[in-house]
$ cat model.cif   # mmCIF, C-alpha atoms
data_coords
loop_
_atom_site.label_atom_id
_atom_site.label_comp_id
_atom_site.auth_asym_id
_atom_site.auth_seq_id
_atom_site.Cartn_x
_atom_site.Cartn_y
_atom_site.Cartn_z
CA MET Y 1 -3.73 22.07 18.30
CA GLU Y 2 -3.86 19.20 20.77
CA MET Y 3 -4.14 15.97 18.80
CA TYR Y 4 -6.07 12.95 19.97
CA PHE Y 5 -5.29 9.97 17.76
CA SER Y 6 -7.75 7.30 16.72
CA PHE Y 7 -6.27 4.24 15.01
CA ILE Y 8 -8.67 2.92 12.37
CA VAL Y 9 -8.13 -0.73 11.38
CA PRO Y 10 -10.48 -2.64 9.06
CA VAL Y 11 -10.12 -6.42 9.24
CA TYR Y 12 -11.44 -9.28 7.15
CA ASN Y 13 -10.94 -12.87 8.40
CA ARG Y 14 -7.53 -12.13 9.95
CA PRO Y 15 -7.70 -12.48 13.75
CA ASN Y 16 -4.07 -13.62 13.98
CA GLU Y 17 -2.88 -10.46 12.28
CA ILE Y 18 -4.94 -8.27 14.57
CA LYS Y 19 -3.37 -10.00 17.56
CA GLU Y 20 0.13 -9.20 16.31
CA LEU Y 21 -0.83 -5.58 15.65
CA LEU Y 22 -2.43 -5.15 19.09
CA ASP Y 23 0.56 -6.84 20.72
CA SER Y 24 2.80 -4.18 19.18
CA MET Y 25 0.45 -1.40 20.31
CA SER Y 26 0.33 -2.71 23.86
CA VAL Y 27 4.06 -2.11 24.34
CA MET Y 28 4.17 1.40 22.85
CA ASN Y 29 5.29 3.77 25.59
CA TYR Y 30 3.41 6.80 24.27
CA PRO Y 31 2.35 8.83 27.34
CA LYS Y 32 -0.84 10.41 25.97
CA ALA Y 33 -4.21 8.75 25.48
CA TYR Y 34 -5.25 7.35 22.12
CA GLU Y 35 -7.91 4.91 20.96
CA ILE Y 36 -8.10 1.97 18.56
CA VAL Y 37 -11.15 1.34 16.39
CA ILE Y 38 -11.39 -2.14 14.89
CA VAL Y 39 -13.97 -2.59 12.11
CA GLU Y 40 -14.87 -6.17 11.23
CA ASP Y 41 -15.81 -6.05 7.55
CA GLY Y 42 -18.24 -8.96 7.27
CA SER Y 43 -15.75 -11.60 8.42
CA SER Y 44 -16.78 -15.21 8.99
CA ASN Y 45 -13.66 -15.73 11.15
CA THR Y 46 -13.94 -12.74 13.44
CA SER Y 47 -11.43 -11.00 15.71
CA LYS Y 48 -13.96 -10.45 18.50
CA ASP Y 49 -12.27 -12.70 21.07
CA VAL Y 50 -8.81 -11.41 20.18
CA VAL Y 51 -9.90 -7.79 20.62
CA ALA Y 52 -11.63 -8.62 23.92
CA SER Y 53 -8.38 -10.07 25.30
CA PHE Y 54 -6.76 -6.63 25.00
CA ALA Y 55 -9.61 -4.66 26.57
CA ASP Y 56 -7.78 -4.27 29.89
CA ARG Y 57 -4.61 -2.95 28.23
CA LEU Y 58 -5.79 -0.78 25.37
CA SER Y 59 -8.67 1.60 24.67
CA ILE Y 60 -10.44 -0.36 21.94
CA SER Y 61 -13.78 -0.06 20.20
CA TYR Y 62 -14.93 -3.01 18.12
CA TYR Y 63 -17.61 -2.90 15.42
CA GLN Y 64 -19.03 -5.55 13.13
CA LYS Y 65 -20.69 -4.71 9.81
CA PRO Y 66 -21.56 -6.32 6.46
CA ASN Y 67 -18.76 -6.65 3.90
CA THR Y 68 -18.52 -3.35 1.99
CA GLY Y 69 -14.75 -3.22 1.45
CA PRO Y 70 -11.82 -1.64 3.28
CA GLY Y 71 -12.49 1.92 2.12
CA ASP Y 72 -16.06 2.03 3.41
CA SER Y 73 -14.97 0.22 6.59
CA ARG Y 74 -12.36 2.92 7.26
CA ASN Y 75 -15.01 5.59 6.73
CA TYR Y 76 -17.28 3.73 9.13
CA GLY Y 77 -14.52 3.60 11.73
CA MET Y 78 -13.71 7.30 11.37
CA ARG Y 79 -17.35 8.22 11.84
CA LYS Y 80 -17.39 6.19 15.07
CA ALA Y 81 -14.02 7.46 16.33
CA LYS Y 82 -13.57 10.08 19.05
CA GLY Y 83 -10.27 11.52 17.84
CA ASN Y 84 -9.53 14.62 15.80
CA TYR Y 85 -6.74 12.87 13.88
CA PHE Y 86 -7.09 9.38 12.43
CA ILE Y 87 -4.27 6.94 11.76
CA ILE Y 88 -5.32 4.30 9.26
CA LEU Y 89 -3.53 0.95 9.27
CA ASP Y 90 -3.90 -2.37 7.50
CA SER Y 91 -4.46 -5.36 9.73
CA ASP Y 92 -1.21 -6.98 8.56
CA VAL Y 93 1.15 -4.38 10.01
CA ILE Y 94 3.18 -4.20 13.22
CA LEU Y 95 4.09 -0.89 14.84
CA PRO Y 96 7.54 0.00 16.17
CA ILE Y 97 7.52 1.02 19.82
CA ASP Y 98 8.23 4.68 18.99
CA TYR Y 99 5.74 5.04 16.11
CA LEU Y 100 3.48 7.63 17.75
CA PHE Y 101 6.45 9.66 18.95
CA LYS Y 102 7.65 9.99 15.35
CA VAL Y 103 4.19 11.00 14.14
CA THR Y 104 3.63 13.52 16.93
CA ASP Y 105 7.06 15.08 16.55
CA PHE Y 106 6.56 15.65 12.83
CA LEU Y 107 2.98 16.96 13.04
CA THR Y 108 3.89 19.31 15.89
CA LYS Y 109 6.56 20.93 13.73
CA ASN Y 110 4.99 20.52 10.28
CA TYR Y 111 1.26 20.01 10.63
CA VAL Y 112 -0.49 18.55 7.60
CA HIS Y 113 -3.99 17.18 7.28
CA CYS Y 114 -2.80 13.95 5.64
CA PHE Y 115 0.46 12.04 5.95
CA GLY Y 116 1.89 8.72 4.94
CA GLY Y 117 4.73 6.63 6.27
CA PRO Y 118 6.96 3.94 4.76
CA ASP Y 119 6.78 0.21 5.30
CA ASP Y 120 9.51 -2.33 5.87
CA ALA Y 121 10.01 -6.00 6.63
CA HIS Y 122 10.43 -7.04 10.26
CA GLU Y 123 13.44 -9.20 11.08
CA ASN Y 124 11.06 -12.02 12.05
CA PHE Y 125 9.27 -12.04 8.69
CA SER Y 126 9.79 -14.96 6.32
CA ASN Y 127 12.29 -14.82 3.46
CA LEU Y 128 9.40 -14.60 1.01
CA GLN Y 129 7.91 -11.62 2.81
CA LYS Y 130 11.29 -9.88 2.86
CA ALA Y 131 11.82 -10.50 -0.86
CA ILE Y 132 8.40 -9.08 -1.69
CA SER Y 133 9.02 -6.13 0.61
CA TYR Y 134 12.29 -5.39 -1.18
CA SER Y 135 10.59 -5.54 -4.56
CA MET Y 136 7.79 -3.22 -3.47
CA THR Y 137 9.96 -0.61 -1.73
CA SER Y 138 13.22 -0.49 -3.69
CA TYR Y 139 14.13 2.58 -5.77
CA LEU Y 140 15.09 0.09 -8.49
CA THR Y 141 11.47 -1.00 -8.90
CA THR Y 142 9.11 1.67 -7.58
CA GLY Y 143 11.36 4.72 -7.34
CA GLY Y 144 10.60 5.06 -3.65
CA ILE Y 145 6.99 6.17 -4.22
CA ARG Y 146 5.77 4.03 -1.32
CA GLY Y 147 7.60 6.01 1.33
CA ARG Y 148 11.27 6.78 0.93
CA LYS Y 149 13.15 10.00 1.51
CA ASN Y 150 13.69 12.26 -1.50
CA THR Y 151 10.52 10.97 -3.18
CA LEU Y 152 9.87 12.99 -6.33
CA GLY Y 153 6.68 15.02 -6.60
CA LYS Y 154 3.82 15.14 -4.13
CA PHE Y 155 3.64 12.15 -1.83
CA GLN Y 156 0.62 9.87 -2.11
CA PRO Y 157 0.06 8.15 1.26
CA ARG Y 158 -0.96 4.51 1.25
CA SER Y 159 -3.67 3.22 3.55
CA PHE Y 160 -1.45 0.62 5.23
CA ASN Y 161 0.13 3.60 7.08
CA MET Y 162 -1.81 6.82 6.61
CA GLY Y 163 -2.88 9.76 8.75
CA LEU Y 164 -5.94 11.89 8.08
CA SER Y 165 -7.37 14.78 10.10
CA LYS Y 166 -11.04 14.75 11.02
CA GLU Y 167 -11.41 18.01 9.13
CA ALA Y 168 -9.98 16.53 5.92
CA PHE Y 169 -12.12 13.41 6.29
CA GLU Y 170 -15.31 15.41 6.63
CA ALA Y 171 -14.39 17.73 3.75
CA SER Y 172 -13.54 14.88 1.36
CA GLY Y 173 -16.07 12.28 2.45
CA GLY Y 174 -13.26 9.79 2.96
CA PHE Y 175 -12.46 6.79 0.80
CA GLY Y 176 -14.32 5.78 -2.33
CA ASP Y 177 -15.64 2.35 -3.32
CA ILE Y 178 -12.73 1.28 -5.55
CA HIS Y 179 -10.21 -1.22 -4.17
CA PRO Y 180 -7.30 -1.14 -4.48
CA GLY Y 181 -6.66 2.47 -5.46
CA GLU Y 182 -8.91 4.08 -2.86
CA ASP Y 183 -5.94 5.72 -1.13
CA PRO Y 184 -4.40 7.59 -4.11
CA ASP Y 185 -7.93 8.57 -5.18
CA LEU Y 186 -8.55 10.12 -1.75
CA THR Y 187 -5.16 11.84 -1.78
CA ILE Y 188 -5.79 13.47 -5.16
CA ARG Y 189 -9.23 14.64 -4.07
CA LEU Y 190 -7.65 16.16 -0.95
CA TRP Y 191 -5.16 18.06 -3.13
CA LYS Y 192 -8.05 19.45 -5.16
CA LEU Y 193 -9.66 20.64 -1.94
CA GLY Y 194 -6.48 22.50 -1.00
CA TYR Y 195 -5.07 20.08 1.58
CA ASP Y 196 -1.39 19.14 1.59
CA THR Y 197 0.08 15.69 2.14
CA ALA Y 198 3.49 14.75 3.48
CA LEU Y 199 5.74 11.78 4.03
CA ILE Y 200 6.95 11.11 7.57
CA PRO Y 201 10.08 9.07 6.74
CA ASP Y 202 10.65 7.86 10.31
CA ALA Y 203 7.05 6.77 10.96
CA LYS Y 204 7.45 3.34 9.41
CA VAL Y 205 5.47 0.19 9.97
CA PHE Y 206 6.41 -3.43 9.45
CA HIS Y 207 4.13 -4.67 6.69
CA LYS Y 208 3.62 -8.38 6.10
CA ARG Y 209 2.07 -8.04 2.65
CA ARG Y 210 1.00 -11.18 0.80
CA ILE Y 211 2.39 -14.48 2.02
CA SER Y 212 2.35 -16.44 -1.26
CA TRP Y 213 3.43 -15.80 -4.84
CA LYS Y 214 -0.13 -16.26 -6.08
CA LYS Y 215 -1.58 -13.68 -3.69
CA PHE Y 216 1.23 -11.27 -4.53
CA TYR Y 217 0.50 -11.62 -8.25
CA ILE Y 218 -3.22 -10.98 -7.71
CA GLN Y 219 -2.41 -7.88 -5.67
CA VAL Y 220 -0.02 -6.26 -8.17
CA ASN Y 221 -2.28 -7.20 -11.09
CA LYS Y 222 -5.10 -5.26 -9.42
CA PHE Y 223 -2.74 -2.31 -8.89
CA GLY Y 224 -2.18 -2.33 -12.65
CA LEU Y 225 -5.90 -2.52 -13.40
CA VAL Y 226 -6.66 0.41 -11.13
CA ARG Y 227 -4.10 2.93 -12.39
CA PRO Y 228 -5.74 3.71 -15.80
CA ILE Y 229 -9.03 4.20 -13.95
CA LEU Y 230 -7.40 6.73 -11.63
CA ASN Y 231 -5.83 8.42 -14.66
CA LEU Y 232 -9.31 8.68 -16.17
CA TRP Y 233 -10.74 10.24 -13.02
CA HIS Y 234 -7.73 12.48 -12.41
CA PRO Y 235 -6.01 13.00 -15.79
CA GLU Y 236 -3.77 15.75 -14.43
CA THR Y 237 -1.94 13.16 -12.30
CA ALA Y 238 -1.09 10.74 -15.14
CA LYS Y 239 2.66 10.10 -15.45
CA ILE Y 240 4.88 8.26 -17.90
CA THR Y 241 6.35 6.34 -14.94
CA TYR Y 242 3.10 4.39 -14.64
CA TRP Y 243 3.99 2.82 -18.00
CA PHE Y 244 7.41 1.56 -16.85
CA PRO Y 245 6.32 -2.03 -16.04
CA VAL Y 246 4.72 -2.25 -19.51
CA LEU Y 247 7.88 -0.87 -21.12
CA PHE Y 248 9.93 -3.35 -19.12
CA LEU Y 249 7.89 -6.27 -20.48
CA LEU Y 250 8.20 -4.97 -24.04
CA TYR Y 251 11.95 -4.52 -23.62
CA THR Y 252 12.25 -8.05 -22.26
CA LEU Y 253 10.39 -9.44 -25.27
CA PHE Y 254 12.54 -7.39 -27.63
CA SER Y 255 15.74 -8.54 -25.89
CA VAL Y 256 14.81 -12.21 -26.25
CA ILE Y 257 13.98 -11.77 -29.96
CA ALA Y 258 17.21 -9.80 -30.52
CA ALA Y 259 19.24 -12.50 -28.76
CA SER Y 260 17.80 -15.12 -31.12
CA PHE Y 261 19.48 -13.17 -33.94
CA GLY Y 262 22.75 -13.01 -32.05
CA TRP Y 263 22.30 -9.49 -30.65
CA TRP Y 264 23.13 -10.10 -26.99
CA TYR Y 265 23.69 -6.49 -26.02
CA PHE Y 266 20.07 -5.82 -25.02
CA ILE Y 267 19.67 -8.92 -22.90
CA ALA Y 268 23.00 -8.12 -21.24
CA ILE Y 269 21.56 -4.81 -19.99
CA TRP Y 270 18.52 -6.70 -18.73
CA SER Y 271 20.81 -9.16 -16.92
CA VAL Y 272 22.78 -6.36 -15.25
CA TYR Y 273 19.56 -4.88 -13.89
CA PHE Y 274 18.57 -8.15 -12.25
CA MET Y 275 22.08 -8.67 -10.93
CA VAL Y 276 21.77 -5.30 -9.19
CA ILE Y 277 18.40 -6.41 -7.75
CA PHE Y 278 20.00 -9.64 -6.56
CA LEU Y 279 22.96 -7.89 -4.91
CA GLY Y 280 20.78 -5.16 -3.42
CA ALA Y 281 18.52 -7.67 -1.70
CA ILE Y 282 21.52 -9.62 -0.39
CA ILE Y 283 23.12 -6.47 1.01
CA THR Y 284 19.82 -5.46 2.63
CA TYR Y 285 19.02 -8.80 4.25
CA ARG Y 286 22.37 -10.64 4.16
CA ASN Y 287 20.73 -13.69 2.67
CA ILE Y 288 21.41 -15.17 -0.78
CA LEU Y 289 18.05 -16.96 -0.90
CA ILE Y 290 16.24 -13.63 -0.43
CA GLY Y 291 18.32 -12.25 -3.30
CA ILE Y 292 17.08 -15.04 -5.57
CA GLN Y 293 13.50 -14.61 -4.41
CA ALA Y 294 13.73 -10.85 -4.94
CA ILE Y 295 14.42 -11.46 -8.64
CA LEU Y 296 11.25 -13.57 -8.89
CA ALA Y 297 9.30 -10.95 -6.90
CA VAL Y 298 10.34 -8.21 -9.34
CA TRP Y 299 9.33 -10.41 -12.27
CA ILE Y 300 5.90 -11.05 -10.78
CA GLN Y 301 5.48 -7.39 -9.84
CA PHE Y 302 6.29 -6.07 -13.31
CA TYR Y 303 4.42 -8.78 -15.18
CA GLY Y 304 1.32 -8.62 -12.97
CA TYR Y 305 1.15 -4.83 -12.91
CA GLY Y 306 2.05 -4.42 -16.59
CA LYS Y 307 -0.52 -6.97 -17.74
CA GLY Y 308 -3.23 -5.38 -15.61
CA PHE Y 309 -2.33 -1.87 -16.76
CA LEU Y 310 -2.48 -2.79 -20.45
CA LYS Y 311 -5.79 -4.60 -20.05
CA SER Y 312 -7.36 -1.71 -18.17
CA TYR Y 313 -5.95 0.92 -20.54
CA TYR Y 314 -7.38 -0.97 -23.51
CA TYR Y 315 -10.89 -1.17 -22.10
CA ILE Y 316 -11.05 2.18 -20.28
CA HIS Y 317 -9.10 4.56 -22.51
CA LEU Y 318 -9.38 2.97 -25.96
CA LEU Y 319 -12.80 1.31 -25.86
CA LYS Y 320 -14.18 3.92 -23.43
CA LYS Y 321 -15.81 1.34 -21.17
CA VAL Y 322 -17.30 2.39 -17.83
CA PRO Y 323 -14.88 1.23 -15.08
CA GLU Y 324 -17.61 0.17 -12.65
CA LYS Y 325 -19.17 -2.06 -15.31
CA GLN Y 326 -16.02 -3.39 -16.98
CA PHE Y 327 -14.16 -4.24 -13.74
CA LYS Y 328 -16.92 -4.96 -11.26
CA THR Y 329 -14.62 -6.85 -8.88
CA LEU Y 330 -12.65 -3.65 -8.21
CA PHE Y 331 -15.69 -1.89 -6.77
CA PHE Y 332 -17.62 -2.50 -3.56
CA SER Y 333 -21.28 -1.59 -3.27
CA LYS Y 334 -22.69 -0.35 0.02
#

$ encode --input "model.cif" --output "structure tokens"
Amino acid sequence: MEMYFSFIVPVYNRPNEIKELLDSMSVMNYPKAYEIVIVEDGSSNTSKDVVASFADRLSISYYQKPNTGPGDSRNYGMRKAKGNYFIILDSDVILPIDYLFKVTDFLTKNYVHCFGGPDDAHENFSNLQKAISYSMTSYLTTGGIRGRKNTLGKFQPRSFNMGLSKEAFEASGGFGDIHPGEDPDLTIRLWKLGYDTALIPDAKVFHKRRISWKKFYIQVNKFGLVRPILNLWHPETAKITYWFPVLFLLYTLFSVIAASFGWWYFIAIWSVYFMVIFLGAIITYRNILIGIQAILAVWIQFYGYGKGFLKSYYYIHLLKKVPEKQFKTLFFSK
């Protein structure tokens, strides 16, 4: 099947990020035609002028709509798109020059209706961004679930770098109203419909992520809040690994209490783990400061996610609260 790609990019008050993304697209040397669909999701600081400046270099469609969240904005863009295969990106990513070659090569040999690719930190990113990237992508913290080779189990694409066929979009109805968590929810529904997903290890993007500790904490805390809701909707996908950040926090508390009684063995194990994080980040980026920041990033990631997970589990699974009513801020209304 001849594939015509449509890039779908929702954006909310981030014109500078869209410029960087479009800059990277403008130098891709992919020989076949493709289009870019930018969906402005109720922004007050729009990307209209930025998009217009690329009109003579790229095939771009630009739409403005009320704020209904990234999931609904992606659905909106896919309904407007001309392609038969959609590539969904976050506005804060940059594409390598050979991105579409990697995607096309894989899909030509191993066609799937939904794929995901990994993310990484660009060499020009700040130390903070690199530390957060290490924390979010390392096997030591996430087990490679966000896009590493040899990932265990079925791969769940993430919407910062995700492909979806037009057929699969129409069959599934696209993304739901929850955010974050709309991407694993869609993936699981696709599995139930009989569609396969795959990781394309070489189709990576450079992902800026959050640019402050506070924003990073808010993000991972929401990830924790969402997971028990997804487990409620799709109980067959629940895994013990989703409890690991909670178990880490409990082990940390236990280690501190044990150390107060002179039992240092447990906190020594804890210290070795963070030393490995520190050394791993230094080896990856050749920067001691990033190694130190990576330790803090892991702390924030585990604490934020674990706290959110416990809170959500308590209300959703123990008290049997309705997710849409208990956590209204996680849901967008059309």

$ atom_distance --input "model.cif" --atom1 "CA of Pro245 (chain Y)" --atom2 "CA of Pro201 (chain Y)"
25.6 Å

$ residues_around --input "model.cif" --residues "region 36-53 of chain Y" --least-positions-apart "3" --cutoff "7 Å" --atoms "all atoms listed in the file" --output "PDB file with C-alpha atoms, in the frame of the given file"
ATOM      1  CA  SER Y   6      -7.750   7.300  16.720  1.00  0.00           C
ATOM      2  CA  PHE Y   7      -6.270   4.240  15.010  1.00  0.00           C
ATOM      3  CA  ILE Y   8      -8.670   2.920  12.370  1.00  0.00           C
ATOM      4  CA  VAL Y   9      -8.130  -0.730  11.380  1.00  0.00           C
ATOM      5  CA  PRO Y  10     -10.480  -2.640   9.060  1.00  0.00           C
ATOM      6  CA  VAL Y  11     -10.120  -6.420   9.240  1.00  0.00           C
ATOM      7  CA  TYR Y  12     -11.440  -9.280   7.150  1.00  0.00           C
ATOM      8  CA  ASN Y  13     -10.940 -12.870   8.400  1.00  0.00           C
ATOM      9  CA  PRO Y  15      -7.700 -12.480  13.750  1.00  0.00           C
ATOM     10  CA  LYS Y  19      -3.370 -10.000  17.560  1.00  0.00           C
ATOM     11  CA  SER Y  59      -8.670   1.600  24.670  1.00  0.00           C
ATOM     12  CA  ILE Y  60     -10.440  -0.360  21.940  1.00  0.00           C
ATOM     13  CA  SER Y  61     -13.780  -0.060  20.200  1.00  0.00           C
ATOM     14  CA  TYR Y  62     -14.930  -3.010  18.120  1.00  0.00           C
ATOM     15  CA  TYR Y  63     -17.610  -2.900  15.420  1.00  0.00           C
ATOM     16  CA  GLN Y  64     -19.030  -5.550  13.130  1.00  0.00           C
ATOM     17  CA  LYS Y  65     -20.690  -4.710   9.810  1.00  0.00           C
ATOM     18  CA  PRO Y  66     -21.560  -6.320   6.460  1.00  0.00           C
ATOM     19  CA  ASN Y  67     -18.760  -6.650   3.900  1.00  0.00           C
ATOM     20  CA  THR Y  68     -18.520  -3.350   1.990  1.00  0.00           C
ATOM     21  CA  GLY Y  69     -14.750  -3.220   1.450  1.00  0.00           C
ATOM     22  CA  SER Y  73     -14.970   0.220   6.590  1.00  0.00           C
ATOM     23  CA  GLY Y  77     -14.520   3.600  11.730  1.00  0.00           C
ATOM     24  CA  ALA Y  81     -14.020   7.460  16.330  1.00  0.00           C
TER      25      ALA Y  81
END

$ residues_around --input "model.cif" --residues "region 160-174 of chain Y" --least-positions-apart "5" --cutoff "10 Å" --atoms "all atoms listed in the file" --output "MDAnalysis selection string"
chainID Y and resid 3 5:9 71:72 74:76 78:79 81:93 95 103 112:119 147 182:183 185:187 189:190 192:200 203:207 209

$ closest_residue --input "model.cif" --among "Y:Thr137, Y:Leu22, Y:Lys80, Y:Tyr30" --to "Leu58 (chain Y)" --atoms "only C-alpha atoms"
Y:Leu22

$ atom_distance --input "model.cif" --atom1 "CA of Val27 (chain Y)" --atom2 "CA of Arg286 (chain Y)"
28.6 Å

$ closest_atom_pairs --input "model.cif" --of "region 50-140 of chain Y" --to "region 264-278 of chain Y" --cutoff "9 Å" --atoms "all atoms listed in the file" --output "CSV"
residue,atom,partner,partner_atom,distance
Y:Ser135,CA,Y:Ile277,CA,8.5
Y:Ser138,CA,Y:Ile277,CA,8.9
Y:Leu140,CA,Y:Ile277,CA,7.3

$ closest_residue --input "model.cif" --among "Y:Asp23, Y:Lys109, Y:Val220, Y:Lys32" --to "Arg57 (chain Y)" --atoms "all atoms listed in the file"
Y:Asp23

$ residues_near_point --input "model.cif" --point "(-2.5, 6.7, -16.2)" --cutoff "7 Å" --atoms "all atoms listed in the file" --output "MDAnalysis selection string"
chainID Y and resid 227:228 230:231 238:239 242

$ atom_distance --input "model.cif" --atom1 "CA of Asn16 (chain Y)" --atom2 "CA of Phe175 (chain Y)"
25.7 Å

$ residues_near_point --input "model.cif" --point "(-20.6, 3.3, -12.7)" --cutoff "12 Å" --atoms "all atoms listed in the file" --output "list in words"
Asp177, Ile178, Ile229, Lys321, Val322, Pro323, Glu324, Lys325, Gln326, Phe327, Lys328, Leu330, Phe331, Phe332 and Ser333 of chain Y

$ residues_around --input "model.cif" --residues "Asn29 (chain Y)" --least-positions-apart "2" --cutoff "9 Å" --atoms "only C-alpha atoms" --output "PDB file with C-alpha atoms, keeping the file's coordinate frame"
ATOM      1  CA  MET Y  25       0.450  -1.400  20.310  1.00  0.00           C
ATOM      2  CA  SER Y  26       0.330  -2.710  23.860  1.00  0.00           C
ATOM      3  CA  VAL Y  27       4.060  -2.110  24.340  1.00  0.00           C
ATOM      4  CA  PRO Y  31       2.350   8.830  27.340  1.00  0.00           C
ATOM      5  CA  ILE Y  97       7.520   1.020  19.820  1.00  0.00           C
ATOM      6  CA  ASP Y  98       8.230   4.680  18.990  1.00  0.00           C
ATOM      7  CA  LEU Y 100       3.480   7.630  17.750  1.00  0.00           C
ATOM      8  CA  PHE Y 101       6.450   9.660  18.950  1.00  0.00           C
TER       9      PHE Y 101
END

$ closest_residue --input "model.cif" --among "Y:Phe155, Y:Tyr285, Y:Tyr111, Y:Tyr4" --to "Asn124 (chain Y)" --atoms "all atoms listed in the file"
Y:Tyr285

$ closest_residue --input "model.cif" --among "Y:Lys222, Y:Lys154, Y:His234, Y:Lys130" --to "Lys208 (chain Y)" --atoms "all atoms listed in the file"
Y:Lys130

$ axis_aligned_box --input "model.cif" --around "region 119-131 of chain Y" --padding-each-side "5 Å" --output "JSON"
{"center_x": 10.1, "center_y": -7.4, "center_z": 5.6, "size_x": 16.7, "size_y": 25.2, "size_z": 22.9}

$ closest_atom_pairs --input "model.cif" --of "region 109-218 of chain Y" --to "region 298-303 of chain Y" --cutoff "9 Å" --atoms "all atoms listed in the file" --output "tab-separated table"
residue	atom	partner	partner_atom	distance
Y:Ala131	CA	Y:Val298	CA	8.9
Y:Ile132	CA	Y:Val298	CA	7.9
Y:Tyr134	CA	Y:Val298	CA	8.9
Y:Ser135	CA	Y:Val298	CA	5.5
Y:Met136	CA	Y:Gln301	CA	8.0
Y:Thr141	CA	Y:Val298	CA	7.3
Y:Trp213	CA	Y:Ile300	CA	8.0
Y:Phe216	CA	Y:Ile300	CA	7.8
Y:Tyr217	CA	Y:Ile300	CA	6.0

$ closest_residue --input "model.cif" --among "Y:Phe254, Y:Thr142, Y:Trp191, Y:Gly181" --to "Thr241 (chain Y)" --atoms "all atoms listed in the file"
Y:Thr142

$ build_atoms --input "model.cif" --residues "region 80-92 of chain Y" --atoms "N, CA, C and O atoms" --output "mmCIF file, in the coordinates of the input"
data_model
loop_
_atom_site.group_PDB
_atom_site.id
_atom_site.type_symbol
_atom_site.label_atom_id
_atom_site.label_comp_id
_atom_site.auth_asym_id
_atom_site.auth_seq_id
_atom_site.Cartn_x
_atom_site.Cartn_y
_atom_site.Cartn_z
ATOM 1 N N LYS Y 80 -17.185 6.654 13.697
ATOM 2 C CA LYS Y 80 -17.390 6.190 15.070
ATOM 3 C C LYS Y 80 -16.316 6.698 16.031
ATOM 4 O O LYS Y 80 -16.522 6.729 17.245
ATOM 5 N N ALA Y 81 -15.179 7.114 15.500
ATOM 6 C CA ALA Y 81 -14.020 7.460 16.330
ATOM 7 C C ALA Y 81 -14.228 8.764 17.094
ATOM 8 O O ALA Y 81 -14.989 9.639 16.673
ATOM 9 N N LYS Y 82 -13.492 8.895 18.190
ATOM 10 C CA LYS Y 82 -13.570 10.080 19.050
ATOM 11 C C LYS Y 82 -12.475 11.090 18.737
ATOM 12 O O LYS Y 82 -12.562 12.243 19.161
ATOM 13 N N GLY Y 83 -11.429 10.665 18.036
ATOM 14 C CA GLY Y 83 -10.270 11.520 17.840
ATOM 15 C C GLY Y 83 -10.481 12.624 16.831
ATOM 16 O O GLY Y 83 -11.455 12.618 16.067
ATOM 17 N N ASN Y 84 -9.525 13.571 16.823
ATOM 18 C CA ASN Y 84 -9.530 14.620 15.800
ATOM 19 C C ASN Y 84 -8.462 14.379 14.749
ATOM 20 O O ASN Y 84 -8.292 15.174 13.828
ATOM 21 N N TYR Y 85 -7.722 13.274 14.899
ATOM 22 C CA TYR Y 85 -6.740 12.870 13.880
ATOM 23 C C TYR Y 85 -6.744 11.353 13.818
ATOM 24 O O TYR Y 85 -6.559 10.673 14.831
ATOM 25 N N PHE Y 86 -6.980 10.820 12.613
ATOM 26 C CA PHE Y 86 -7.090 9.380 12.430
ATOM 27 C C PHE Y 86 -5.788 8.825 11.851
ATOM 28 O O PHE Y 86 -5.183 9.439 10.968
ATOM 29 N N ILE Y 87 -5.399 7.662 12.338
ATOM 30 C CA ILE Y 87 -4.270 6.940 11.760
ATOM 31 C C ILE Y 87 -4.797 5.611 11.242
ATOM 32 O O ILE Y 87 -5.292 4.778 12.004
ATOM 33 N N ILE Y 88 -4.723 5.451 9.936
ATOM 34 C CA ILE Y 88 -5.320 4.300 9.260
ATOM 35 C C ILE Y 88 -4.242 3.257 8.998
ATOM 36 O O ILE Y 88 -3.194 3.565 8.420
ATOM 37 N N LEU Y 89 -4.493 2.042 9.429
ATOM 38 C CA LEU Y 89 -3.530 0.950 9.270
ATOM 39 C C LEU Y 89 -4.209 -0.253 8.617
ATOM 40 O O LEU Y 89 -5.419 -0.448 8.774
ATOM 41 N N ASP Y 90 -3.432 -1.051 7.913
ATOM 42 C CA ASP Y 90 -3.900 -2.370 7.500
ATOM 43 C C ASP Y 90 -3.751 -3.329 8.667
ATOM 44 O O ASP Y 90 -2.923 -3.122 9.565
ATOM 45 N N SER Y 91 -4.507 -4.401 8.625
ATOM 46 C CA SER Y 91 -4.460 -5.360 9.730
ATOM 47 C C SER Y 91 -3.169 -6.165 9.756
ATOM 48 O O SER Y 91 -2.840 -6.778 10.777
ATOM 49 N N ASP Y 92 -2.423 -6.164 8.625
ATOM 50 C CA ASP Y 92 -1.210 -6.980 8.560
ATOM 51 C C ASP Y 92 0.056 -6.173 8.820
ATOM 52 O O ASP Y 92 1.119 -6.482 8.276
#
